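Below: the structure, in structure tokens.
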Amino acid sequence: MSTITTDAVVAGRGVAKRYGAGDSAVDALRGVDLEIARGQFLAVMGPSGSGKSTLMHILAGLDTPTAGSVQIDGREITTASDTELTLIRREKVGFIFQFFNLLPMLTAEENLELPLRLAGRPIDQAWKDELIAAIGLGNRLHHRPAELSGGQQQRVAVGRALLTRPAIIFGDEPTGNLDSKTSAEVMELLRHAVDTFGQTVAVVTHDPRAASYADRIIFLQDGDIARDEGRMTSSAILDVMKGLE
Amino acid sequence: MRHVIIRGFLSRKLRSSLTALAIVLGVSMIVGSSVLTGQIKGAFDGIFLESRKTTDVVLTQATRFKDNQGQATVPFAQDVLAKVQAVAGVQKAVGSVTSIAAVPIVITKGKPEPLKSAGGAPALGFSLKGAPFDTGTITAGRAPRQNGEVALEERTAAKKDVRVGAHLELATSSGVRPVTVVGLFHFAATVGGATTTIVTLADGQAWFDRTGKFDEIDVQAASGVSASELRDRIRAALPDMTVRTGVEQAKQESADVGSFVDVLGYALLAIGFASAFAGAFIIFITFWITVGQRIRELALLRTLGASRRQILASVLAEALLVGVISSAAGIVAGLGIAKAIAALFDALGFGLPVGAMHLSGGTVVVAFLIGTGVTLGASLAPALRSTRIPPVAAIRAGATLPPGWVSRHAKVLSVIVFTLGVGLVVFGIFGASGTSAILSSIGFGALVSLVGVALTAQLVIPRLARIIGAPGVWWGGIPGRIARENAERNPSRTAITSAALMIGIFMITFVAVFAAGLQKNISDVLGSDIKASFFVASGGVVGGGGASGFSPAVADELRVVPGVASVSPTTFIAAQIAGTTTDLVVSTAAPAFPDAYRLQWVSGSDALVRGLGRTDAIIDADSAKSDHLAVGSSLTIHNRAGVSATFTVRGIAKTSSLVQGLLISPEAAVPLQERSGVAFMFVVTKPGANEAAVRSGLESAAAKADPLLQVQSNQDVIDQATTQINQITIPLYALVAVIFLIAIVGIVNTLLLSVFERTREIGLLRAVGTTRRQVRRMVRYESVITSLIGAALGVLVGIGFGALIITRLGDIPFTVPVVQLALLFIIAFVAGVLAAILPAHRAARLNVLEALHYE
């Protein structure tokens, strides 16, 4: 089914994004090639304005590139219709955002189940129980988001992303709004998902400690990949970042 | 997804219930008017069936056409009775007479006090029919047997504590006579405030102007003969009469009244629909703003795999929920509205009989269809807009929606809609033929135009806000300025929010322009055409006048009052030109008529009137033109009973209020008159006479002749007409107040949403030193600007439509009722202040720090 040789879940080729036109045009991305392998935990880093968020939005199908192609699990998404994209999001992609991950009027459990309910798919009760144990929410399942701490809310978001067993989970600064302790809890949870369930994860972050949980770290600068590294310590990451700025 | 919809609905409780309230009010008006109409009709059905339950067959004079003055029956010669009695199968037949102006008068301490309701309910007089036809039960004393004896309906008697043995007077169109109350009776079927008096047949014929005549004959069938069989036999014997069974007669009588009830029902229903229409604007703007505020939430749903269809369905499902719940609540509230309207009419003096409350299945279905239909329809555009929210909006803070095709072309579209609406109205007024085509194109056109105005208004809102907001800026400083900026920065939102108020103000302005025109018409006529100093009429010229009538002999009493130059009685006869269905008003002109009334001659002179012969007639210019008549033409007319007379046109006068048809001599009118009473008399005073002295002379002469007579100057007639116009318009205004309520709800809702949207802004204002009071003032100014914009638009559209339709009708002049309109602006101002209370409180209560951190 895959049209590429490696076992890539997401494959971007020559992804470019230009805002505006003429003299005032800004190139956010200048032809990025990137493949994310199955079971990989990828962190995308880079200074502000390097294009890391734009890249993630395009790889996730939330935004369209000006040039290039993107495939998720072998399916081209840059030319897909809105309905096709909706189906791809339902089946292949999970999201974790920095803010506003949960609907305020639903309980934690209802938020957790929301994507499956939207898709009208059955809930695998054993898998759900295993996830609830993993995110460690215990007796707070019937609470509304306003009654949960930031870390708890974010763990529900991770659980929700995992519940559909997506091909890939995208995280957009998933720890951006958390303190260092709860950041570590969320990253450990993602690490656990990769190690135990073989989940593919890609996060955009500017926090070296968060990035240190990843198997692979790419550094973006001026809309292109400056470095593509394996696992690194947070201090090593910090050094690379300093070099880029 | 169901969770999301229901929980979302519940989490927006205040907004949802305010939105629902707009629909609840509209639906309840529609249900209330239909329930009340049903109740009144049911009551009339009951009353008439009850009164005919012991009568098998009823005979009345067949009429050639219907009179719009309200006189139902035409008297016929009493020798018909013998012919009826001769028909096989008739057990018993009795003739009877009726009067709609038989007023019992109680003399207390020498002062006559009529037993008559103030609201204009009729004072009925009946002749005794005898068993089995009388349906009243004597509760005290006995039935009248001899000349001068009467029985009073007990509630009529109770008004002035009249008991058996009391000596009263009875005023009828033929004069006033002393009577003795010999009995009280209970009439299960007494209508509203009507008074009822029963007299002997002989007295009735003499007093009710029915000598040798009957109004109806009631027949009892012999045993073994069915009512319908007997009806057919009598019909065969008397083909010129209208013959019905008792039940048929009751149904006919009920239907005659029913058409009046229908008019009332339509007026109420129109207000109900207008309320629902106003509610539609509120729903539209609420959903529109809410979708804007829920962008991130809806975008998050999209990233989690919700399809566009699911988003669309979620918004529409919420609308459906609001629609269904508020329709149900509206139906319940409608029962209360029915009671409230009945109480309102009661309080204003025209009590209507109200039967058992009955909610028909049809009403429920219509209420649900309208309530949910309006809600769904109004939320369709916001729902479609919600599907355009891109998933990426979940990540980007402060994401706004790109304008859709409709928004981008809003200006052009709104102008097209407005032009279309006005075009429809103009077509309805000038082009359409047939009443239903005219009314439907005017009605639908008005609807479309109002939508058009609401949409087009956004183009002028900045300018309007600048003008209306100027005093606020001058008075309120910076908060006033910010309020004005807020009102202008989202012109379409302000325009649509003010639209509900615009609809209410439009309706009131429209009615007020008509009322002012009618009033102006009366004062114009009295100012220019009337030369007489006084009018004399039973209950006043416009207070019953034509229908009640009074004895022509009164003229002799008035002529001898010192200072009186001439008295000219005027009578109106409903007639048709023979061989056509053209209604023609025939009025009498006494020789002194030209002294009292200014005739503008097209052909002829005042001398013609003074010497008008028995076959001479003067016709008005408009009728002459439409009926192709000229001086020298001959025309034959007939009255309702078919009595005809032929006249020769001698002169043509310009059409005016008293010259709208034929003018004939009083002698020529006698055979055509259904009754001998006159409508009113003009009194012309001698030059140099002391008017006040003449007036008091006239008053005492009139009072002696008939205590119901009133002497009125021009101004008195104008005042009386004004009072009457107000009697109709004030309840209408009171009902339109429901739309004001909806409008206030709408402004509250929009302001609440705006305050919520501007949380950060308000936090910033507070942080830089704006006081709570100033924040409240800011919200209040914005509210008042919005409501005044609604008032300005409503008044403009109302005047425009009023002018169009008045021009088309051509009967009444167009005037702008300045005082009422100024009052409307004050009401709108108050509505704005009231609507601001809750949102201003919310805005002032915001915690500065939290508001600044608000995301």
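By order of appearance in the structure tokens: chains A, B, ..., then residues from 1 within every chain, and ligands from 1 in the order shown.
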task = Determine which residues of chain B sit within 12 Å of chain A, taking into account only C-alpha atoms, and present them as a VMD selection string.
result = chain B and resid 1 to 13 294 to 311 314 387 to 397 855
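Comparing the minimum interatomic distances between Arg766 (chain B) and each of B:Glu318, B:Ala843, B:Asn690, B:Ala668, counting only C-alpha atoms, we find that B:Ala843 sits nearest.
Counting only C-alpha atoms, region 792-794 of chain B has the following residues at most 8 Å away, ignoring those fewer than 5 positions along the same chain: Val453, Leu501, Met502, Ile503, Gly504, Ile505, Phe506, Met507, Thr509 and Phe825 of chain B.
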Requested write-out: C-alpha atoms of the selected residues, as a compact mmCIF listing (two decimals), in the first residue's frame:
# COMPACT_ATOMS: atom_id res chain seq x y z
CA VAL B 453 -34.11 47.41 5.29
CA LEU B 501 -37.59 46.98 17.38
CA MET B 502 -37.86 48.34 13.86
CA ILE B 503 -40.68 45.87 13.12
CA GLY B 504 -42.61 46.89 16.24
CA ILE B 505 -42.12 50.59 15.60
CA PHE B 506 -42.99 50.09 11.94
CA MET B 507 -46.34 48.55 12.83
CA THR B 509 -46.13 54.04 12.92
CA PHE B 825 -38.56 57.52 20.20
key: In region 595-818 of chain B, DSSP strand (DSSP E or B) residues written as a VMD selection string   = chain B and resid 597 601 to 603 616 to 620 634 to 639 644 to 653 656 659 661 to 664 678 680 to 685 709 to 712
query = Could you name the residues that touch Leu455 (chain B) at 12 Å or less, counting only C-alpha atoms, but leaving out those on the same chain fewer than 2 positions away, as number ranges by chain?
reply = B: 281, 285, 406-407, 409-419, 448-453, 457-461, 491-499, 793
query = From the list A:Met45, A:Val204, A:Val194, A:Leu141, which residue is nearest Leu59 (chain A) when using only C-alpha atoms?
reply =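 Among the listed residues, A:Val204 lies closest to Leu59 (chain A).
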Contacts of Arg144 (chain A) at 6 Å (only C-alpha atoms; same-chain gap of 2+ positions) as a list of chain:residue names =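 Here the answer would be A:Thr107, A:Ala108, A:Ala146, A:Glu147.
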Selection file, C-alpha atoms, as a compact mmCIF listing (two decimals), in the first residue's frame:
# COMPACT_ATOMS: atom_id res chain seq x y z
CA THR A 107 -16.53 15.36 31.11
CA ALA A 108 -12.98 13.99 30.85
CA ALA A 146 -12.40 23.26 34.42
CA GLU A 147 -12.09 20.95 37.46
